[in-house]
Amino acid sequence: MGQPAPRPQEEETYDELMGRPWLGLVYLPFVFLPLGFWTDAPARAWVASVLAIAVFLPMYFAFRRWRGRRQHALVAATAILGLALIAIQPGGNTFVIYACAMAATVLPARRAVWLAALLVAAMVAAFLAVMPLPLALAYAAMATAICALVVAGVLMTRARLRRDAELRLTRDEVARLAAMAERERIGRDLHDLLGHTLSLVALKSELAGRLVDTHPAAARTQIGEVESVARQALAQVREAVVGIRATGLEAELAAARLALLSADVRLDQRLAPVALDPALESALALALREAVTNVLRHAGARRVEVELVADDGELRLSIADDGRGGAGAPGNGLAGMRERLAAFGAGLEVDSPPGAGTRLQVTLPRRAMESGA
């Protein structure tokens with residue numbers, strides 16, 4: 001029997017932790033390190049080391065393919081291999097350290113730490129059994145320190161990957177809840193907007209139908225009122241659709257914060273309390289979305305700053321990052337952004353010196369801000 005099926009975020013964490021298997025073999029040459037200082041090392045020590053590596057490599061790659069109890073068996077086999085090699089030459093501690101790292105990869109953190117402590121104790125006992133006390137203590141101290149660092153590094157990486165996976169799930173859940181809330185709001189707005197209007201249209205149409213034979217003039221008056229009410233309702237629906245399509249700047253900032261946080265990028269924001277026309281706010285939100293997308297794809301930044309300022313007769317939105325800079329020719333995203341902003345008389349400037357980050361600034365005339373007041 002194996003372990004319980006992992007949850008999606010655990011599966012994603014495990015896959016990322018197990019990636020790049022060849023990178024994990026960079027420590028393997030340390031098996032031969034003691035032999036380099038052992039001037040009269042017997043041939044059996046070299047042969048045993050080569051055979052140990054030949055046995056270890058299939059177990060190492062099988063460990064990355066298998067799951068559950070078979071992985072635990074490979075941890076034990078790797079530890080036994082290392083302890084057996086220590087009896088011939090001290091470089092066998094390399095396999096004990098590999099066993100500790102493998103345990104930290106697949107076991108719960110507490111169990112991994114306890115098992116690593118037991119393996120280190122067994123390794124120290126093996127050193128004491130086959131080496132003089134001062135040399136055994138020196139090897140034990142070195143191997144214990146390396147093992148502690150390796151186990152701590154694996155556990156910290158697991159925690160980080162799990163946190164990132166949970167953050168991605170949280171971001172998806174926030175987006176789902178936001179979409180659900182938006183659908184509910186749209187439903188309420190349309191009900192409030194059209195419910196009374198359609199009831200009035202139905203009543204006036206029914207009244208016009210009753211009057212058309214006996215009082216034609218009054219029937220025409222009612223039909224005219226129906227037309228007027230219908231036109232008003234159409235205008236209101238169009239305004240509502242513009243509001244529904246618009247993405248608020250605050251909402252886009254929240255989405256940007258989640259996206260940047262998942263990429264370990266810090267977001268600082270300073271927004272002036274300015275009333276904006278919904279269509280203009282939507283254009284600014286789309287500009288922010290395009291800028292954040294470019295940061296995530298190309299900038300390699302650690303910090304992004306968003307600032308909205310209203311002074312000197314104009315409104316300025318700037319998005320700056322501390323990434324690699326040197327942005328090339330503007331693509332379709334920036335071209336589309338310029339077209340949307342040009343409809344409001346806004347200008348777009350991009351400053352991206354190599355190695356000094358990128359600053360995107362949108363400048364709007366004061367009247368664009370006042371139109372939303």
# chains A, B, ... in the order shown; residues from 1 in each chain; ligands from 1
>>> select_by_dssp(residues="region 172-317 of chain A", states="strand (DSSP E or B)", output="count of residues only")
19
>>> residues_around(residues="region 289-292 of chain A", least_positions_apart="6", cutoff="9 Å", atoms="only C-alpha atoms", output="ChimeraX atom specification")
/A:252-253,255-256,259-260,304,319-320,333-334,337,360
>>> atom_distance(atom1="CA of Ile146 (chain A)", atom2="CA of Ala103 (chain A)")
15.0 Å
>>> atom_distance(atom1="CA of Val306 (chain A)", atom2="CA of Leu249 (chain A)")
11.0 Å
>>> atom_distance(atom1="CA of Leu200 (chain A)", atom2="CA of Arg231 (chain A)")
12.9 Å
>>> closest_residue(among="A:Arg158, A:Arg70, A:Arg303, A:Arg64", to="Ala104 (chain A)", atoms="only C-alpha atoms")
A:Arg158
>>> closest_residue(among="A:Ala129, A:Ala285, A:Ala335, A:Ala356", to="Ala299 (chain A)", atoms="only C-alpha atoms")
A:Ala356
>>> select_by_dssp(residues="region 105-339 of chain A", states="helix (DSSP H, G or I)", output="PyMOL selection string")
chain A and resi 105-106+109-130+133-214+216-245+249-262+278-299+332-339
>>> closest_residue(among="A:Val295, A:Ala141, A:Val274, A:Val120", to="Val309 (chain A)", atoms="only C-alpha atoms")
A:Val274
>>> closest_residue(among="A:Leu315, A:Ala202, A:Ile88, A:Leu57", to="Trp22 (chain A)", atoms="only C-alpha atoms")
A:Leu57
>>> closest_residue(among="A:Ala230, A:Leu74, A:Leu155, A:Met180", to="Arg111 (chain A)", atoms="only C-alpha atoms")
A:Leu155
>>> residues_around(residues="Ala45 (chain A)", least_positions_apart="4", cutoff="9 Å", atoms="only C-alpha atoms", output="ChimeraX atom specification")
/A:35,41,49-50,85,88-89
